[in-house]
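Just coords-v3.cif here, mmCIF, N, CA and C atoms:
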data_model
#
loop_
_atom_site.label_atom_id
_atom_site.label_comp_id
_atom_site.auth_asym_id
_atom_site.auth_seq_id
_atom_site.Cartn_x
_atom_site.Cartn_y
_atom_site.Cartn_z
N MET A 1269 -38.96 -35.01 -5.18
CA MET A 1269 -38.19 -35.70 -4.17
C MET A 1269 -36.71 -35.43 -4.42
N ALA A 1270 -35.98 -35.11 -3.37
CA ALA A 1270 -34.56 -34.79 -3.53
C ALA A 1270 -33.79 -35.27 -2.31
N ASP A 1271 -32.56 -35.71 -2.54
CA ASP A 1271 -31.64 -36.11 -1.47
C ASP A 1271 -30.31 -35.38 -1.66
N ILE A 1272 -29.77 -34.87 -0.56
CA ILE A 1272 -28.42 -34.29 -0.56
C ILE A 1272 -27.63 -35.10 0.44
N ARG A 1273 -26.51 -35.69 -0.02
CA ARG A 1273 -25.66 -36.50 0.86
C ARG A 1273 -24.26 -35.88 0.91
N LEU A 1274 -23.78 -35.68 2.13
CA LEU A 1274 -22.42 -35.19 2.37
C LEU A 1274 -21.72 -36.18 3.27
N ALA A 1275 -20.47 -36.48 2.96
CA ALA A 1275 -19.71 -37.43 3.79
C ALA A 1275 -18.28 -36.95 3.95
N ARG A 1276 -17.73 -37.20 5.12
CA ARG A 1276 -16.32 -36.88 5.38
C ARG A 1276 -15.54 -38.17 5.50
N GLU A 1277 -14.22 -38.07 5.42
CA GLU A 1277 -13.35 -39.25 5.52
C GLU A 1277 -13.40 -39.91 6.89
N ASP A 1278 -13.63 -39.14 7.94
CA ASP A 1278 -13.61 -39.71 9.29
C ASP A 1278 -14.91 -40.41 9.68
N GLY A 1279 -15.88 -40.48 8.78
CA GLY A 1279 -17.10 -41.24 9.05
C GLY A 1279 -18.34 -40.41 9.31
N ARG A 1280 -18.22 -39.10 9.48
CA ARG A 1280 -19.40 -38.27 9.69
C ARG A 1280 -20.11 -38.06 8.36
N SER A 1281 -21.45 -38.08 8.39
CA SER A 1281 -22.21 -37.85 7.17
C SER A 1281 -23.49 -37.10 7.49
N LEU A 1282 -24.05 -36.48 6.45
CA LEU A 1282 -25.26 -35.69 6.57
C LEU A 1282 -26.18 -36.07 5.42
N LEU A 1283 -27.45 -36.26 5.70
CA LEU A 1283 -28.44 -36.60 4.68
C LEU A 1283 -29.59 -35.61 4.79
N ALA A 1284 -29.80 -34.82 3.73
CA ALA A 1284 -30.90 -33.87 3.68
C ALA A 1284 -31.91 -34.38 2.67
N ARG A 1285 -33.17 -34.50 3.08
CA ARG A 1285 -34.21 -35.07 2.21
C ARG A 1285 -35.42 -34.15 2.11
N VAL A 1286 -36.00 -34.13 0.90
CA VAL A 1286 -37.28 -33.48 0.66
C VAL A 1286 -38.16 -34.54 0.00
N ASP A 1287 -39.33 -34.81 0.58
CA ASP A 1287 -40.21 -35.83 -0.02
C ASP A 1287 -41.22 -35.19 -0.97
N ALA A 1288 -42.10 -36.01 -1.55
CA ALA A 1288 -43.06 -35.55 -2.55
C ALA A 1288 -44.07 -34.55 -1.97
N LEU A 1289 -44.29 -34.58 -0.66
CA LEU A 1289 -45.23 -33.65 -0.02
C LEU A 1289 -44.57 -32.35 0.41
N GLY A 1290 -43.25 -32.23 0.22
CA GLY A 1290 -42.53 -31.02 0.58
C GLY A 1290 -41.98 -31.02 1.99
N ARG A 1291 -42.09 -32.14 2.70
CA ARG A 1291 -41.53 -32.22 4.06
C ARG A 1291 -40.01 -32.35 3.96
N CYS A 1292 -39.31 -31.63 4.82
CA CYS A 1292 -37.85 -31.59 4.77
C CYS A 1292 -37.25 -32.02 6.10
N ALA A 1293 -36.15 -32.77 6.02
CA ALA A 1293 -35.45 -33.20 7.23
C ALA A 1293 -33.96 -33.33 6.92
N VAL A 1294 -33.14 -33.00 7.91
CA VAL A 1294 -31.69 -33.15 7.82
C VAL A 1294 -31.28 -34.13 8.93
N GLU A 1295 -30.62 -35.22 8.56
CA GLU A 1295 -30.19 -36.23 9.52
C GLU A 1295 -28.67 -36.34 9.49
N THR A 1296 -28.06 -36.50 10.66
CA THR A 1296 -26.61 -36.67 10.73
C THR A 1296 -26.29 -38.04 11.32
N PHE A 1297 -25.20 -38.63 10.82
CA PHE A 1297 -24.77 -39.97 11.22
C PHE A 1297 -23.25 -40.00 11.41
N HIS A 1298 -22.81 -41.01 12.13
CA HIS A 1298 -21.39 -41.30 12.25
C HIS A 1298 -21.20 -42.79 11.95
N ARG A 1299 -20.37 -43.10 10.96
CA ARG A 1299 -20.13 -44.48 10.56
C ARG A 1299 -18.82 -44.97 11.16
N GLU A 1300 -18.90 -46.10 11.84
CA GLU A 1300 -17.72 -46.73 12.43
C GLU A 1300 -17.50 -48.07 11.74
N ILE A 1301 -16.27 -48.30 11.27
CA ILE A 1301 -15.93 -49.55 10.59
C ILE A 1301 -14.82 -50.22 11.38
N GLY A 1302 -15.01 -51.48 11.72
CA GLY A 1302 -14.00 -52.21 12.48
C GLY A 1302 -14.09 -53.69 12.21
N LEU A 1303 -13.08 -54.43 12.65
CA LEU A 1303 -13.10 -55.88 12.48
C LEU A 1303 -13.81 -56.54 13.64
N GLY A 1304 -14.58 -57.57 13.34
CA GLY A 1304 -15.27 -58.27 14.41
C GLY A 1304 -16.16 -59.37 13.89
N VAL A 1305 -16.88 -59.98 14.81
CA VAL A 1305 -17.84 -61.04 14.51
C VAL A 1305 -19.19 -60.56 15.03
N PRO A 1306 -20.26 -60.68 14.24
CA PRO A 1306 -21.58 -60.25 14.71
C PRO A 1306 -21.99 -60.98 15.99
N VAL A 1307 -22.79 -60.32 16.82
CA VAL A 1307 -23.17 -60.88 18.11
C VAL A 1307 -24.08 -62.10 17.96
N ASN A 1308 -24.74 -62.26 16.82
CA ASN A 1308 -25.63 -63.40 16.65
C ASN A 1308 -24.92 -64.66 16.16
N ARG A 1309 -23.61 -64.61 15.97
CA ARG A 1309 -22.84 -65.78 15.54
C ARG A 1309 -22.25 -66.47 16.76
N ARG A 1310 -22.31 -67.78 16.76
CA ARG A 1310 -21.74 -68.56 17.87
C ARG A 1310 -20.53 -69.34 17.36
N GLY A 1311 -19.64 -69.65 18.25
CA GLY A 1311 -18.48 -70.44 17.89
C GLY A 1311 -17.36 -69.58 17.33
N ARG A 1312 -16.41 -70.25 16.70
CA ARG A 1312 -15.24 -69.55 16.15
C ARG A 1312 -15.50 -69.20 14.69
N HIS A 1313 -15.37 -67.95 14.38
CA HIS A 1313 -15.56 -67.46 13.02
C HIS A 1313 -14.48 -66.45 12.71
N ALA A 1314 -14.18 -66.33 11.44
CA ALA A 1314 -13.20 -65.33 11.01
C ALA A 1314 -13.78 -63.92 11.24
N ARG A 1315 -12.91 -62.99 11.59
CA ARG A 1315 -13.35 -61.61 11.77
C ARG A 1315 -13.41 -60.94 10.40
N PHE A 1316 -14.39 -60.08 10.21
CA PHE A 1316 -14.52 -59.36 8.96
C PHE A 1316 -15.02 -57.95 9.26
N PRO A 1317 -14.92 -57.05 8.28
CA PRO A 1317 -15.31 -55.66 8.54
C PRO A 1317 -16.79 -55.54 8.90
N LEU A 1318 -17.05 -54.88 10.02
CA LEU A 1318 -18.41 -54.58 10.46
C LEU A 1318 -18.64 -53.07 10.32
N VAL A 1319 -19.79 -52.70 9.81
CA VAL A 1319 -20.13 -51.29 9.64
C VAL A 1319 -21.28 -50.97 10.59
N GLU A 1320 -21.10 -49.92 11.38
CA GLU A 1320 -22.15 -49.50 12.31
C GLU A 1320 -22.40 -48.01 12.10
N ASP A 1321 -23.64 -47.67 11.75
CA ASP A 1321 -24.04 -46.27 11.59
C ASP A 1321 -24.73 -45.81 12.87
N VAL A 1322 -24.19 -44.75 13.47
CA VAL A 1322 -24.75 -44.19 14.70
C VAL A 1322 -25.52 -42.92 14.33
N PHE A 1323 -26.79 -42.88 14.67
CA PHE A 1323 -27.64 -41.73 14.37
C PHE A 1323 -27.34 -40.62 15.37
N LEU A 1324 -27.00 -39.43 14.88
CA LEU A 1324 -26.65 -38.31 15.76
C LEU A 1324 -27.80 -37.34 15.99
N GLY A 1325 -28.65 -37.16 15.00
CA GLY A 1325 -29.77 -36.23 15.21
C GLY A 1325 -30.52 -35.91 13.94
N ARG A 1326 -31.69 -35.27 14.12
CA ARG A 1326 -32.54 -34.89 12.99
C ARG A 1326 -33.11 -33.52 13.25
N THR A 1327 -33.15 -32.69 12.21
CA THR A 1327 -33.83 -31.41 12.28
C THR A 1327 -34.85 -31.36 11.15
N ARG A 1328 -36.02 -30.78 11.44
CA ARG A 1328 -37.07 -30.65 10.43
C ARG A 1328 -37.21 -29.18 10.05
N HIS A 1329 -37.60 -28.94 8.79
CA HIS A 1329 -37.70 -27.58 8.28
C HIS A 1329 -39.03 -27.38 7.58
N GLN A 1330 -39.45 -26.13 7.45
CA GLN A 1330 -40.75 -25.81 6.86
C GLN A 1330 -40.80 -26.09 5.36
N GLY A 1331 -39.68 -25.97 4.69
CA GLY A 1331 -39.66 -26.20 3.24
C GLY A 1331 -38.24 -26.33 2.75
N PRO A 1332 -38.07 -26.64 1.44
CA PRO A 1332 -36.72 -26.82 0.89
C PRO A 1332 -35.85 -25.57 1.00
N ARG A 1333 -36.47 -24.40 0.82
CA ARG A 1333 -35.69 -23.17 0.91
C ARG A 1333 -35.14 -22.96 2.31
N ALA A 1334 -35.96 -23.19 3.32
CA ALA A 1334 -35.52 -23.05 4.71
C ALA A 1334 -34.44 -24.07 5.04
N MET A 1335 -34.57 -25.29 4.50
CA MET A 1335 -33.57 -26.32 4.76
C MET A 1335 -32.22 -25.94 4.14
N LEU A 1336 -32.23 -25.48 2.90
CA LEU A 1336 -30.97 -25.07 2.26
C LEU A 1336 -30.36 -23.87 2.97
N ARG A 1337 -31.19 -22.95 3.44
CA ARG A 1337 -30.67 -21.81 4.19
C ARG A 1337 -30.01 -22.29 5.47
N HIS A 1338 -30.61 -23.28 6.12
CA HIS A 1338 -30.04 -23.86 7.35
C HIS A 1338 -28.70 -24.54 7.06
N LEU A 1339 -28.62 -25.27 5.95
CA LEU A 1339 -27.38 -25.98 5.60
C LEU A 1339 -26.25 -25.03 5.24
N THR A 1340 -26.58 -23.89 4.63
CA THR A 1340 -25.54 -22.98 4.17
C THR A 1340 -25.21 -21.88 5.16
N SER A 1341 -25.91 -21.82 6.29
CA SER A 1341 -25.60 -20.81 7.31
C SER A 1341 -24.53 -21.37 8.25
N ALA A 1342 -23.42 -21.72 7.68
CA ALA A 1342 -22.30 -22.47 8.24
C ALA A 1342 -22.21 -22.59 9.76
N PRO A 1343 -21.46 -21.76 10.46
CA PRO A 1343 -21.17 -22.03 11.87
C PRO A 1343 -22.38 -21.99 12.80
N ARG A 1344 -23.43 -21.27 12.44
CA ARG A 1344 -24.59 -21.17 13.33
C ARG A 1344 -25.46 -22.42 13.28
N SER A 1345 -25.36 -23.19 12.21
CA SER A 1345 -26.25 -24.34 12.06
C SER A 1345 -25.81 -25.51 12.93
N SER A 1346 -26.76 -26.14 13.61
CA SER A 1346 -26.44 -27.26 14.50
C SER A 1346 -25.96 -28.47 13.71
N CYS A 1347 -26.53 -28.71 12.51
CA CYS A 1347 -26.09 -29.86 11.73
C CYS A 1347 -24.67 -29.63 11.22
N PHE A 1348 -24.30 -28.36 10.94
CA PHE A 1348 -22.94 -28.06 10.51
C PHE A 1348 -21.97 -28.34 11.65
N LYS A 1349 -22.36 -28.01 12.87
CA LYS A 1349 -21.49 -28.27 14.02
C LYS A 1349 -21.29 -29.77 14.20
N LYS A 1350 -22.34 -30.57 14.01
CA LYS A 1350 -22.21 -32.02 14.16
C LYS A 1350 -21.33 -32.61 13.08
N ILE A 1351 -21.46 -32.11 11.84
CA ILE A 1351 -20.69 -32.69 10.74
C ILE A 1351 -19.23 -32.21 10.80
N CYS A 1352 -19.00 -30.99 11.28
CA CYS A 1352 -17.62 -30.48 11.31
C CYS A 1352 -16.93 -30.76 12.64
N GLY A 1353 -17.67 -30.82 13.70
CA GLY A 1353 -17.19 -31.22 15.02
C GLY A 1353 -15.79 -30.77 15.39
N ALA A 1354 -14.92 -31.74 15.60
CA ALA A 1354 -13.57 -31.49 16.12
C ALA A 1354 -12.71 -30.71 15.15
N ALA A 1355 -12.94 -30.84 13.84
CA ALA A 1355 -12.10 -30.15 12.87
C ALA A 1355 -12.22 -28.64 13.03
N SER A 1356 -13.44 -28.13 13.21
CA SER A 1356 -13.60 -26.69 13.37
C SER A 1356 -13.08 -26.23 14.73
N ASN A 1357 -13.22 -27.05 15.77
CA ASN A 1357 -12.69 -26.68 17.10
C ASN A 1357 -11.17 -26.62 17.07
N ALA A 1358 -10.53 -27.55 16.38
CA ALA A 1358 -9.07 -27.55 16.28
C ALA A 1358 -8.57 -26.34 15.51
N ALA A 1359 -9.30 -25.94 14.47
CA ALA A 1359 -8.90 -24.79 13.67
C ALA A 1359 -8.99 -23.50 14.50
N ARG A 1360 -9.99 -23.40 15.39
CA ARG A 1360 -10.15 -22.21 16.21
C ARG A 1360 -9.04 -22.08 17.25
N THR A 1361 -8.58 -23.20 17.78
CA THR A 1361 -7.55 -23.14 18.84
C THR A 1361 -6.15 -22.99 18.29
N ALA A 1362 -5.96 -23.27 17.00
CA ALA A 1362 -4.61 -23.20 16.41
C ALA A 1362 -4.21 -21.77 16.11
#
Mind turning this structure into structure tokens?
Amino acid sequence: MADIRLAREDGRSLLARVDALGRCAVETFHREIGLGVPVNRRGRHARFPLVEDVFLGRTRHQGPRAMLRHLTSAPRSSCFKKICGAASNAARTA
């Protein structure tokens, strides 16, 4: 069993997992942190940091080798595009 976690400062993250049976998946997320009150609270309450993880997508692979090849094939990989997003687009236009 193995986990690879990558995170950027702007909240984008990538989680690559291999389980005991050899199944592989790469999941991408975007974490948003802001001040607020949970929706299940009533009345007046102090605002505090709320963390919300937004699921962006999942790709499945035949094995660990194929998954690592997908992760390291930089610009062609869809998960790389999701994790790099605007940063790579800004670099191309500059």
Written as a PDB file with N, CA and C atoms, in the frame of the given file, which residues does the PyMOL selection byres ((chain A and resi 1330) around 8) give for the file shown?
ATOM      1  N   GLY A1290     -43.250 -32.230   0.220  1.00  0.00           N
ATOM      2  CA  GLY A1290     -42.530 -31.020   0.580  1.00  0.00           C
ATOM      3  C   GLY A1290     -41.980 -31.020   1.990  1.00  0.00           C
ATOM      4  N   ARG A1291     -42.090 -32.140   2.700  1.00  0.00           N
ATOM      5  CA  ARG A1291     -41.530 -32.220   4.060  1.00  0.00           C
ATOM      6  C   ARG A1291     -40.010 -32.350   3.960  1.00  0.00           C
ATOM      7  N   CYS A1292     -39.310 -31.630   4.820  1.00  0.00           N
ATOM      8  CA  CYS A1292     -37.850 -31.590   4.770  1.00  0.00           C
ATOM      9  C   CYS A1292     -37.250 -32.020   6.100  1.00  0.00           C
ATOM     10  N   ALA A1293     -36.150 -32.770   6.020  1.00  0.00           N
ATOM     11  CA  ALA A1293     -35.450 -33.200   7.230  1.00  0.00           C
ATOM     12  C   ALA A1293     -33.960 -33.330   6.920  1.00  0.00           C
ATOM     13  N   THR A1327     -33.150 -32.690  12.210  1.00  0.00           N
ATOM     14  CA  THR A1327     -33.830 -31.410  12.280  1.00  0.00           C
ATOM     15  C   THR A1327     -34.850 -31.360  11.150  1.00  0.00           C
ATOM     16  N   ARG A1328     -36.020 -30.780  11.440  1.00  0.00           N
ATOM     17  CA  ARG A1328     -37.070 -30.650  10.430  1.00  0.00           C
ATOM     18  C   ARG A1328     -37.210 -29.180  10.050  1.00  0.00           C
ATOM     19  N   HIS A1329     -37.600 -28.940   8.790  1.00  0.00           N
ATOM     20  CA  HIS A1329     -37.700 -27.580   8.280  1.00  0.00           C
ATOM     21  C   HIS A1329     -39.030 -27.380   7.580  1.00  0.00           C
ATOM     22  N   GLY A1331     -39.680 -25.970   4.690  1.00  0.00           N
ATOM     23  CA  GLY A1331     -39.660 -26.200   3.240  1.00  0.00           C
ATOM     24  C   GLY A1331     -38.240 -26.330   2.750  1.00  0.00           C
ATOM     25  N   PRO A1332     -38.070 -26.640   1.440  1.00  0.00           N
ATOM     26  CA  PRO A1332     -36.720 -26.820   0.890  1.00  0.00           C
ATOM     27  C   PRO A1332     -35.850 -25.570   1.000  1.00  0.00           C
ATOM     28  N   ARG A1333     -36.470 -24.400   0.820  1.00  0.00           N
ATOM     29  CA  ARG A1333     -35.690 -23.170   0.910  1.00  0.00           C
ATOM     30  C   ARG A1333     -35.140 -22.960   2.310  1.00  0.00           C
ATOM     31  N   ALA A1334     -35.960 -23.190   3.320  1.00  0.00           N
ATOM     32  CA  ALA A1334     -35.520 -23.050   4.710  1.00  0.00           C
ATOM     33  C   ALA A1334     -34.440 -24.070   5.040  1.00  0.00           C
ATOM     34  N   MET A1335     -34.570 -25.290   4.500  1.00  0.00           N
ATOM     35  CA  MET A1335     -33.570 -26.320   4.760  1.00  0.00           C
ATOM     36  C   MET A1335     -32.220 -25.940   4.140  1.00  0.00           C
TER      37      MET A1335
END
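Distance check against A:Gly1325 using only C-alpha atoms: of A:Leu1289, A:Ala1275, A:Leu1282, A:Met1269, the minimum falls on A:Leu1282.
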For A:Leu1324, the nearest of the candidates A:Ala1288, A:Ile1301, A:Thr1296, A:Leu1274, counting all atoms listed in the file: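 So, comparing all the options, the nearest one is A:Thr1296.
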Answer as an MDAnalysis selection string, residues within 8 Å of (-15.6, -46.2, 13.0) using all atoms listed in the file: chainID A and resid 1278:1279 1298:1302 1318:1320
For the selection just defined, write its residues with N, CA and C atoms to a file, as a compact mmCIF listing (two decimals), keeping the file's coordinate frame.
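Now in result-v5.txt:
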# COMPACT_ATOMS: atom_id res chain seq x y z
N ASP A 1278 -13.63 -39.14 7.94
CA ASP A 1278 -13.61 -39.71 9.29
C ASP A 1278 -14.91 -40.41 9.68
N GLY A 1279 -15.88 -40.48 8.78
CA GLY A 1279 -17.10 -41.24 9.05
C GLY A 1279 -18.34 -40.41 9.31
N HIS A 1298 -22.81 -41.01 12.13
CA HIS A 1298 -21.39 -41.30 12.25
C HIS A 1298 -21.20 -42.79 11.95
N ARG A 1299 -20.37 -43.10 10.96
CA ARG A 1299 -20.13 -44.48 10.56
C ARG A 1299 -18.82 -44.97 11.16
N GLU A 1300 -18.90 -46.10 11.84
CA GLU A 1300 -17.72 -46.73 12.43
C GLU A 1300 -17.50 -48.07 11.74
N ILE A 1301 -16.27 -48.30 11.27
CA ILE A 1301 -15.93 -49.55 10.59
C ILE A 1301 -14.82 -50.22 11.38
N GLY A 1302 -15.01 -51.48 11.72
CA GLY A 1302 -14.00 -52.21 12.48
C GLY A 1302 -14.09 -53.69 12.21
N LEU A 1318 -17.05 -54.88 10.02
CA LEU A 1318 -18.41 -54.58 10.46
C LEU A 1318 -18.64 -53.07 10.32
N VAL A 1319 -19.79 -52.70 9.81
CA VAL A 1319 -20.13 -51.29 9.64
C VAL A 1319 -21.28 -50.97 10.59
N GLU A 1320 -21.10 -49.92 11.38
CA GLU A 1320 -22.15 -49.50 12.31
C GLU A 1320 -22.40 -48.01 12.10
Strand (DSSP E) call set, DSSP backbone run, stretch 1293-1322 of chain A, as a VMD selection string: chain A and resid 1293 to 1304 1316 to 1322
Explicit residue set for the PyMOL selection byres ((chain A and resi 1285) around 6.5), as a list of chain:residue names: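 When the PyMOL selection byres ((chain A and resi 1285) around 6.5) is applied to the shown file, the picked residues are A:Ala1270, A:Asp1271, A:Ile1272, A:Leu1283, A:Ala1284, A:Val1286, A:Asp1287, A:Arg1291, A:Cys1292, A:Ala1293, A:Val1294, A:Glu1295.
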Close residues, stretch 1312-1315 of chain A itself excluded, 8 Å, all atoms listed in the file, min 5 positions apart in chain, as a PyMOL selection string: chain A and resi 1302-1306
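Computed from the coordinates, the atom CA of A:Arg1280 to atom CA of A:Phe1323 distance equals 10.1 Å.
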One-decimal distance in Å that lies between atom CA of A:Ser1281 and atom CA of A:Leu1336: 16.3 Å
